[in-house]
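To keep things clear, I will list the structure first and then write my remarks on it.
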Amino acid sequence: MNTGPRRIVCLTEEPTEVLYALGEQDRIVGISGFTVRPARARKEKPKVSAFTSAKVGEILKLQPDLVIGFSDIQADIAAELIRQGVEVWISNHRSVDGIVDYVRRLGAMVGAAEAALAYADRLQAGIDAVTAQAATLPRRPKVYFEEWDEPRISGIRWVAELVRIAGGDDIFPELAAQSLAKHRILADDEQIIARAPDIVFGSWCGKKFQPRKVAERPGWENVPAVRNGQLHEIKSPIILQPGPAALTDGLNELARHIHAWAAQ
């Protein structure tokens, strides 16, 4: 017998992607407007939230028995819903291991623990395969991952970990440990230039990465990544959400570029 919440609103993409992967999509009654995975979710489910805002009235009309969100950024939405008597789960996983465990926890909450364990194992197997491939690379690039351009914001923890798994080394590991974006702001470009990244990955959180603009930044002409044309976009939906997309498509994209660089 199926147990757990029957009417779930997902304020971010990752619970939607996980529940569809587990075959539990019928429980979802509302999703984030930023959801792109799976594509069918956008056609099938009403969109009731952005990332930092939500249509609380619309959510209440859906009569959810659980609302799932992510991190301090959605704390105000969560507080308002809690005051309205809604049960809310705000996850706060920030690492690759945390994402895999999130799949297990969410599955257990909806009575699909066995399917979730199997899915988590498949995700881990994919990660292990990429790790094994990376171990064969003749050299490792220094990587700068840019989450936003103005101001410059470096990559969050799970992104830095995925870069390492794919065969590269994030040039700001001390910043990746900071969960809040405001603590990953780079005061000036000198720090980036000094660390001489071999590859720059851009994922500008919802707007298109522009390699030409990066290459034209003052003082960047001698950065190895600029000199060698190693400026690549990783689309934000597949890397900046702490869900299955980052562990599959996102990781594979990082690995593809890193392996190509190592082979040159």
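Ordering of the structure tokens sets the chain letters (A, B, ...); residue numbers start at 1 within each chain; ligands are numbered from 1 in the order shown.
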
**Asked** Within 12 Å of Tyr119 of chain A, counting only C-alpha atoms, which residues qualify if same-chain residues fewer than 4 places away don't, as a ChimeraX atom specification?
**Response** /A:17-23,99-107,112-115,123-126,244

Counting only C-alpha atoms, give me one row per residue of segment 200-239 of chain A with an atom at most 12 Å from an atom of segment 39-58 of chain A, showing the shortest contact pair and its distance in Å to one decimal, sorted by chain then residue number, as a tab-separated table.
```
residue	atom	partner	partner_atom	distance
A:Cys205	CA	A:Phe51	CA	11.4
A:Gly206	CA	A:Phe51	CA	11.5
A:Pro237	CA	A:Ala39	CA	11.8
```

Using N, CA, C and O atoms, can you write the selected residues to a file as a PDB file, in the first residue's frame?
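So out01.pdb came out as:
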```pdb
ATOM      1  N   CYS A 205      23.232  31.171 -14.026  1.00  0.00           N
ATOM      2  CA  CYS A 205      21.955  31.047 -13.311  1.00  0.00           C
ATOM      3  C   CYS A 205      20.761  31.668 -14.045  1.00  0.00           C
ATOM      4  O   CYS A 205      20.129  32.600 -13.565  1.00  0.00           O
ATOM      5  N   GLY A 206      20.491  31.167 -15.249  1.00  0.00           N
ATOM      6  CA  GLY A 206      19.292  31.613 -15.939  1.00  0.00           C
ATOM      7  C   GLY A 206      19.526  32.590 -17.086  1.00  0.00           C
ATOM      8  O   GLY A 206      18.589  32.945 -17.784  1.00  0.00           O
ATOM      9  N   PRO A 237      20.276  24.675 -15.522  1.00  0.00           N
ATOM     10  CA  PRO A 237      19.372  23.629 -15.035  1.00  0.00           C
ATOM     11  C   PRO A 237      20.038  22.277 -14.801  1.00  0.00           C
ATOM     12  O   PRO A 237      19.525  21.466 -14.032  1.00  0.00           O
TER      13      PRO A 237
END
```

**Request:** Compile the contact shell of segment 129-140 of chain A as a ChimeraX atom specification: residues with an atom at most 10 Å away, counting only C-alpha atoms, same-chain residues fewer than 6 positions apart removed.
**Result:** /A:162,164-169,198,248,251-252,255,258-259,261-263

**Item:** For segment 5-12 of chain A: contacts at 8 Å, only C-alpha atoms, fewer than 4 positions along chain excluded, given as a PyMOL selection string
**Value:** chain A and resi 16+27-32+34-35+48-51+54+59+62-70+109-110

Residue subset to file, keeping N, CA, C and O atoms, as a JSON list (two decimals), in the first residue's frame:
```
[["chain", "number", "residue", "atom", "x", "y", "z"],
["A", 16, "THR", "N", 10.81, 17.41, -7.95],
["A", 16, "THR", "CA", 9.99, 17.03, -9.11],
["A", 16, "THR", "C", 10.70, 15.97, -9.94],
["A", 16, "THR", "O", 10.13, 14.94, -10.29],
["A", 27, "ARG", "N", 1.64, 12.27, -7.25],
["A", 27, "ARG", "CA", 1.53, 12.96, -5.96],
["A", 27, "ARG", "C", 1.75, 14.47, -6.11],
["A", 27, "ARG", "O", 1.38, 15.23, -5.23],
["A", 28, "ILE", "N", 2.38, 14.89, -7.21],
["A", 28, "ILE", "CA", 2.73, 16.30, -7.37],
["A", 28, "ILE", "C", 1.53, 17.09, -7.87],
["A", 28, "ILE", "O", 0.94, 16.75, -8.89],
["A", 29, "VAL", "N", 1.19, 18.17, -7.14],
["A", 29, "VAL", "CA", 0.06, 19.01, -7.57],
["A", 29, "VAL", "C", 0.49, 20.42, -7.98],
["A", 29, "VAL", "O", -0.30, 21.18, -8.52],
["A", 30, "GLY", "N", 1.77, 20.76, -7.75],
["A", 30, "GLY", "CA", 2.27, 22.08, -8.15],
["A", 30, "GLY", "C", 3.78, 22.06, -8.21],
["A", 30, "GLY", "O", 4.43, 21.32, -7.47],
["A", 31, "ILE", "N", 4.36, 22.87, -9.13],
["A", 31, "ILE", "CA", 5.81, 22.87, -9.31],
["A", 31, "ILE", "C", 6.36, 24.30, -9.43],
["A", 31, "ILE", "O", 5.59, 25.26, -9.56],
["A", 32, "SER", "N", 7.68, 24.39, -9.44],
["A", 32, "SER", "CA", 8.37, 25.66, -9.68],
["A", 32, "SER", "C", 8.30, 26.03, -11.16],
["A", 32, "SER", "O", 8.40, 25.17, -12.03],
["A", 34, "PHE", "N", 10.58, 27.36, -12.70],
["A", 34, "PHE", "CA", 11.91, 27.13, -13.27],
["A", 34, "PHE", "C", 12.15, 25.67, -13.62],
["A", 34, "PHE", "O", 13.24, 25.32, -14.08],
["A", 35, "THR", "N", 11.16, 24.83, -13.39],
["A", 35, "THR", "CA", 11.33, 23.41, -13.68],
["A", 35, "THR", "C", 11.47, 23.17, -15.18],
["A", 35, "THR", "O", 10.65, 23.62, -15.96],
["A", 48, "VAL", "N", 3.57, 27.26, -9.54],
["A", 48, "VAL", "CA", 3.09, 28.09, -8.43],
["A", 48, "VAL", "C", 4.20, 28.85, -7.70],
["A", 48, "VAL", "O", 3.94, 29.55, -6.72],
["A", 49, "SER", "N", 5.46, 28.70, -8.16],
["A", 49, "SER", "CA", 6.53, 29.41, -7.46],
["A", 49, "SER", "C", 7.65, 29.76, -8.41],
["A", 49, "SER", "O", 7.80, 29.16, -9.48],
["A", 50, "ALA", "N", 8.44, 30.76, -8.00],
["A", 50, "ALA", "CA", 9.73, 31.03, -8.63],
["A", 50, "ALA", "C", 10.76, 30.39, -7.71],
["A", 50, "ALA", "O", 10.53, 29.30, -7.20],
["A", 51, "PHE", "N", 11.88, 31.08, -7.45],
["A", 51, "PHE", "CA", 12.82, 30.50, -6.48],
["A", 51, "PHE", "C", 12.73, 31.24, -5.15],
["A", 51, "PHE", "O", 12.67, 30.63, -4.09],
["A", 54, "ALA", "N", 6.72, 32.86, -4.17],
["A", 54, "ALA", "CA", 5.71, 31.85, -4.50],
["A", 54, "ALA", "C", 4.33, 32.45, -4.40],
["A", 54, "ALA", "O", 4.11, 33.42, -3.68],
["A", 59, "ILE", "N", -0.96, 28.09, -3.94],
["A", 59, "ILE", "CA", -0.51, 26.86, -3.28],
["A", 59, "ILE", "C", -1.57, 26.36, -2.31],
["A", 59, "ILE", "O", -1.90, 25.16, -2.28],
["A", 62, "LEU", "N", -4.41, 24.45, -3.75],
["A", 62, "LEU", "CA", -4.09, 23.08, -4.15],
["A", 62, "LEU", "C", -4.20, 22.10, -2.98],
["A", 62, "LEU", "O", -4.07, 20.89, -3.18],
["A", 63, "GLN", "N", -4.40, 22.64, -1.78],
["A", 63, "GLN", "CA", -4.56, 21.83, -0.56],
["A", 63, "GLN", "C", -3.44, 20.79, -0.40],
["A", 63, "GLN", "O", -3.69, 19.58, -0.26],
["A", 64, "PRO", "N", -2.18, 21.24, -0.41],
["A", 64, "PRO", "CA", -1.08, 20.29, -0.29],
["A", 64, "PRO", "C", -0.99, 19.69, 1.10],
["A", 64, "PRO", "O", -1.30, 20.36, 2.10],
["A", 65, "ASP", "N", -0.56, 18.44, 1.17],
["A", 65, "ASP", "CA", -0.25, 17.87, 2.48],
["A", 65, "ASP", "C", 1.25, 17.87, 2.74],
["A", 65, "ASP", "O", 1.71, 17.48, 3.81],
["A", 66, "LEU", "N", 2.03, 18.35, 1.75],
["A", 66, "LEU", "CA", 3.46, 18.57, 1.94],
["A", 66, "LEU", "C", 3.96, 19.53, 0.87],
["A", 66, "LEU", "O", 3.62, 19.39, -0.30],
["A", 67, "VAL", "N", 4.77, 20.50, 1.30],
["A", 67, "VAL", "CA", 5.47, 21.39, 0.38],
["A", 67, "VAL", "C", 6.96, 21.17, 0.58],
["A", 67, "VAL", "O", 7.44, 21.15, 1.71],
["A", 68, "ILE", "N", 7.68, 20.98, -0.53],
["A", 68, "ILE", "CA", 9.12, 20.71, -0.46],
["A", 68, "ILE", "C", 9.88, 21.86, -1.10],
["A", 68, "ILE", "O", 9.61, 22.25, -2.24],
["A", 69, "GLY", "N", 10.83, 22.41, -0.36],
["A", 69, "GLY", "CA", 11.66, 23.50, -0.87],
["A", 69, "GLY", "C", 13.12, 23.25, -0.56],
["A", 69, "GLY", "O", 13.51, 22.19, -0.07],
["A", 70, "PHE", "N", 13.95, 24.27, -0.83],
["A", 70, "PHE", "CA", 15.39, 24.12, -0.64],
["A", 70, "PHE", "C", 16.00, 25.38, -0.05],
["A", 70, "PHE", "O", 15.81, 26.48, -0.59],
["A", 109, "MET", "N", 10.00, 9.16, 2.24],
["A", 109, "MET", "CA", 8.87, 9.99, 2.66],
["A", 109, "MET", "C", 7.59, 9.66, 1.90],
["A", 109, "MET", "O", 6.49, 9.85, 2.42],
["A", 110, "VAL", "N", 7.73, 9.18, 0.66],
["A", 110, "VAL", "CA", 6.54, 8.90, -0.15],
["A", 110, "VAL", "C", 6.28, 7.40, -0.26],
["A", 110, "VAL", "O", 5.53, 6.96, -1.14]]
```

**Request:** Any chance you could list, as number ranges by chain, the residues in segment 66-251 of chain A that come up strand (DSSP E or B) when DSSP is run on the backbone?
**Result:** A: 66-70, 88-91, 142-148, 153-154, 169-170, 185, 199-202, 204, 207, 231-233

Between segment 215-244 of chain A and segment 173-195 of chain A, at 12 Å or less, what are the per-residue closest atom pairs and their distances in Å? Count only C-alpha atoms, order by chain and rising residue number, and return it as a Markdown table.
```
| residue | atom | partner | partner_atom | distance |
| --- | --- | --- | --- | --- |
| A:Ala215 | CA | A:Ile193 | CA | 11.8 |
| A:Arg217 | CA | A:Asp189 | CA | 8.8 |
| A:Pro218 | CA | A:Asp189 | CA | 8.7 |
| A:Gly219 | CA | A:Ile193 | CA | 7.5 |
| A:Trp220 | CA | A:Ile193 | CA | 6.5 |
| A:Glu221 | CA | A:Ile193 | CA | 9.4 |
| A:Asn222 | CA | A:Ile193 | CA | 8.1 |
| A:Val223 | CA | A:Ile193 | CA | 6.1 |
| A:Pro224 | CA | A:Ile193 | CA | 9.2 |
| A:Ala225 | CA | A:Ile193 | CA | 10.2 |
| A:Val226 | CA | A:Ile193 | CA | 10.5 |
| A:Leu240 | CA | A:Ala181 | CA | 11.8 |
```

**Message:** Calculated over only C-alpha atoms, which of the candidates A:Ala196, A:Ser91, A:Arg212, A:Ser203 has the smallest distance to Ser154 of chain A?
**Reply:** A:Ser203

**Message:** Give me, as a ChimeraX atom specification, the residues of segment 179-259 of chain A that a backbone DSSP run labels helix (DSSP H, G or I).
**Reply:** /A:181-184,190-194,211-215,220-222,224-227,236-238,244-259

Save the residues we just selected, N, CA, C and O atoms, as a short mmCIF file (atom, residue, chain, number, x, y, z; two decimals), in the first residue's frame?
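Now in part_22.cif:
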```
data_model
loop_
_atom_site.label_atom_id
_atom_site.label_comp_id
_atom_site.auth_asym_id
_atom_site.auth_seq_id
_atom_site.Cartn_x
_atom_site.Cartn_y
_atom_site.Cartn_z
N ALA A 181 25.72 32.28 -1.47
CA ALA A 181 26.36 32.92 -2.63
C ALA A 181 27.09 34.19 -2.24
O ALA A 181 28.16 34.48 -2.79
N LYS A 182 26.56 34.94 -1.27
CA LYS A 182 27.19 36.22 -0.90
C LYS A 182 28.59 36.00 -0.31
O LYS A 182 29.42 36.91 -0.32
N HIS A 183 28.85 34.78 0.17
CA HIS A 183 30.17 34.48 0.72
C HIS A 183 31.11 33.90 -0.35
O HIS A 183 32.25 33.56 -0.05
N ARG A 184 30.61 33.78 -1.59
CA ARG A 184 31.43 33.30 -2.69
C ARG A 184 31.67 34.39 -3.74
O ARG A 184 32.10 34.12 -4.84
N GLU A 190 41.65 39.97 -9.92
CA GLU A 190 43.06 39.61 -9.69
C GLU A 190 43.19 38.22 -9.08
O GLU A 190 44.11 37.47 -9.41
N GLN A 191 42.25 37.88 -8.19
CA GLN A 191 42.30 36.56 -7.55
C GLN A 191 42.16 35.44 -8.59
O GLN A 191 42.84 34.43 -8.51
N ILE A 192 41.28 35.66 -9.56
CA ILE A 192 41.05 34.65 -10.60
C ILE A 192 42.27 34.57 -11.51
O ILE A 192 42.78 33.48 -11.79
N ILE A 193 42.74 35.73 -11.95
CA ILE A 193 43.89 35.78 -12.86
C ILE A 193 45.12 35.12 -12.22
O ILE A 193 45.83 34.35 -12.87
N ALA A 194 45.32 35.40 -10.94
CA ALA A 194 46.50 34.87 -10.23
C ALA A 194 46.48 33.34 -10.15
O ALA A 194 47.53 32.70 -10.15
N PRO A 211 31.14 33.75 -23.62
CA PRO A 211 32.59 33.59 -23.60
C PRO A 211 33.34 34.83 -24.08
O PRO A 211 34.39 35.18 -23.53
N ARG A 212 32.79 35.50 -25.08
CA ARG A 212 33.48 36.69 -25.63
C ARG A 212 33.63 37.77 -24.57
O ARG A 212 34.69 38.40 -24.44
N LYS A 213 32.57 37.98 -23.78
CA LYS A 213 32.63 38.99 -22.72
C LYS A 213 33.68 38.62 -21.68
O LYS A 213 34.37 39.49 -21.14
N VAL A 214 33.78 37.33 -21.39
CA VAL A 214 34.79 36.87 -20.43
C VAL A 214 36.19 37.13 -20.98
O VAL A 214 37.07 37.66 -20.29
N ALA A 215 36.40 36.77 -22.24
CA ALA A 215 37.71 36.92 -22.87
C ALA A 215 38.15 38.38 -22.94
O ALA A 215 39.36 38.68 -22.92
N TRP A 220 42.61 39.65 -18.57
CA TRP A 220 42.36 38.21 -18.72
C TRP A 220 43.07 37.61 -19.93
O TRP A 220 43.03 36.39 -20.12
N GLU A 221 43.71 38.43 -20.75
CA GLU A 221 44.25 37.91 -22.00
C GLU A 221 45.33 36.83 -21.79
O GLU A 221 45.54 35.98 -22.65
N ASN A 222 45.98 36.85 -20.62
CA ASN A 222 47.02 35.86 -20.36
C ASN A 222 46.55 34.68 -19.51
O ASN A 222 47.35 33.81 -19.16
N PRO A 224 45.30 31.20 -19.02
CA PRO A 224 45.39 30.05 -19.94
C PRO A 224 44.06 29.67 -20.59
O PRO A 224 44.03 29.36 -21.79
N ALA A 225 42.96 29.73 -19.85
CA ALA A 225 41.66 29.36 -20.41
C ALA A 225 41.25 30.29 -21.55
O ALA A 225 40.67 29.85 -22.54
N VAL A 226 41.58 31.57 -21.41
CA VAL A 226 41.26 32.55 -22.45
C VAL A 226 42.19 32.35 -23.64
O VAL A 226 41.76 32.32 -24.80
N ARG A 227 43.47 32.19 -23.35
CA ARG A 227 44.48 32.04 -24.41
C ARG A 227 44.19 30.82 -25.28
O ARG A 227 44.39 30.84 -26.49
N SER A 236 22.59 26.14 -16.60
CA SER A 236 22.30 26.13 -15.16
C SER A 236 21.31 25.05 -14.72
O SER A 236 21.49 24.48 -13.64
N PRO A 237 20.28 24.68 -15.52
CA PRO A 237 19.37 23.63 -15.04
C PRO A 237 20.04 22.28 -14.80
O PRO A 237 19.53 21.47 -14.03
N ILE A 238 21.20 22.04 -15.46
CA ILE A 238 21.82 20.73 -15.29
C ILE A 238 22.99 20.75 -14.31
O ILE A 238 23.64 19.71 -14.11
N PRO A 244 19.29 15.13 -9.37
CA PRO A 244 19.84 14.15 -10.29
C PRO A 244 20.49 14.75 -11.54
O PRO A 244 21.48 14.20 -12.04
N ALA A 245 19.97 15.86 -12.04
CA ALA A 245 20.53 16.47 -13.26
C ALA A 245 22.02 16.77 -13.09
O ALA A 245 22.83 16.52 -13.99
N ALA A 246 22.39 17.32 -11.93
CA ALA A 246 23.79 17.68 -11.69
C ALA A 246 24.68 16.45 -11.69
O ALA A 246 25.82 16.50 -12.17
N LEU A 247 24.16 15.34 -11.17
CA LEU A 247 24.96 14.11 -11.05
C LEU A 247 25.05 13.33 -12.35
O LEU A 247 25.84 12.39 -12.45
N THR A 248 24.24 13.70 -13.33
CA THR A 248 24.21 12.97 -14.59
C THR A 248 24.64 13.89 -15.73
O THR A 248 25.82 13.94 -16.08
N ASP A 249 23.72 14.65 -16.30
CA ASP A 249 24.04 15.51 -17.43
C ASP A 249 25.09 16.57 -17.09
O ASP A 249 25.99 16.84 -17.89
N GLY A 250 24.98 17.17 -15.90
CA GLY A 250 25.94 18.19 -15.50
C GLY A 250 27.34 17.63 -15.38
O GLY A 250 28.30 18.18 -15.94
N LEU A 251 27.47 16.52 -14.66
CA LEU A 251 28.77 15.87 -14.48
C LEU A 251 29.35 15.42 -15.82
O LEU A 251 30.54 15.61 -16.08
N ASN A 252 28.51 14.87 -16.67
CA ASN A 252 29.00 14.40 -17.98
C ASN A 252 29.50 15.54 -18.86
O ASN A 252 30.48 15.38 -19.60
N GLU A 253 28.84 16.70 -18.77
CA GLU A 253 29.30 17.87 -19.53
C GLU A 253 30.66 18.36 -19.03
O GLU A 253 31.55 18.68 -19.82
N LEU A 254 30.81 18.43 -17.71
CA LEU A 254 32.10 18.82 -17.14
C LEU A 254 33.19 17.86 -17.62
O LEU A 254 34.26 18.28 -18.07
N ALA A 255 32.90 16.56 -17.52
CA ALA A 255 33.89 15.53 -17.89
C ALA A 255 34.25 15.62 -19.36
O ALA A 255 35.43 15.47 -19.74
N ARG A 256 33.26 15.89 -20.21
CA ARG A 256 33.51 15.97 -21.66
C ARG A 256 34.55 17.05 -21.97
O ARG A 256 35.51 16.81 -22.71
N HIS A 257 34.37 18.23 -21.38
CA HIS A 257 35.30 19.34 -21.64
C HIS A 257 36.67 19.09 -21.00
O HIS A 257 37.70 19.40 -21.60
N ILE A 258 36.66 18.55 -19.79
CA ILE A 258 37.92 18.30 -19.09
C ILE A 258 38.74 17.23 -19.82
O ILE A 258 39.95 17.36 -20.00
N HIS A 259 38.07 16.18 -20.29
CA HIS A 259 38.78 15.10 -21.01
C HIS A 259 39.35 15.63 -22.34
O HIS A 259 40.46 15.26 -22.72
#
```

**Prompt:** If you measure from atom CA of Leu60 of chain A to atom CA of Ala79 of chain A, what distance in Å do you get, rounded to one decimal?
**Reply:** 13.6 Å

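Of the listed residues (A:Pro242, A:Arg83, A:Lys142, A:Asp170), A:Lys142 comes nearest to Gln230 of chain A; the distances count only C-alpha atoms.
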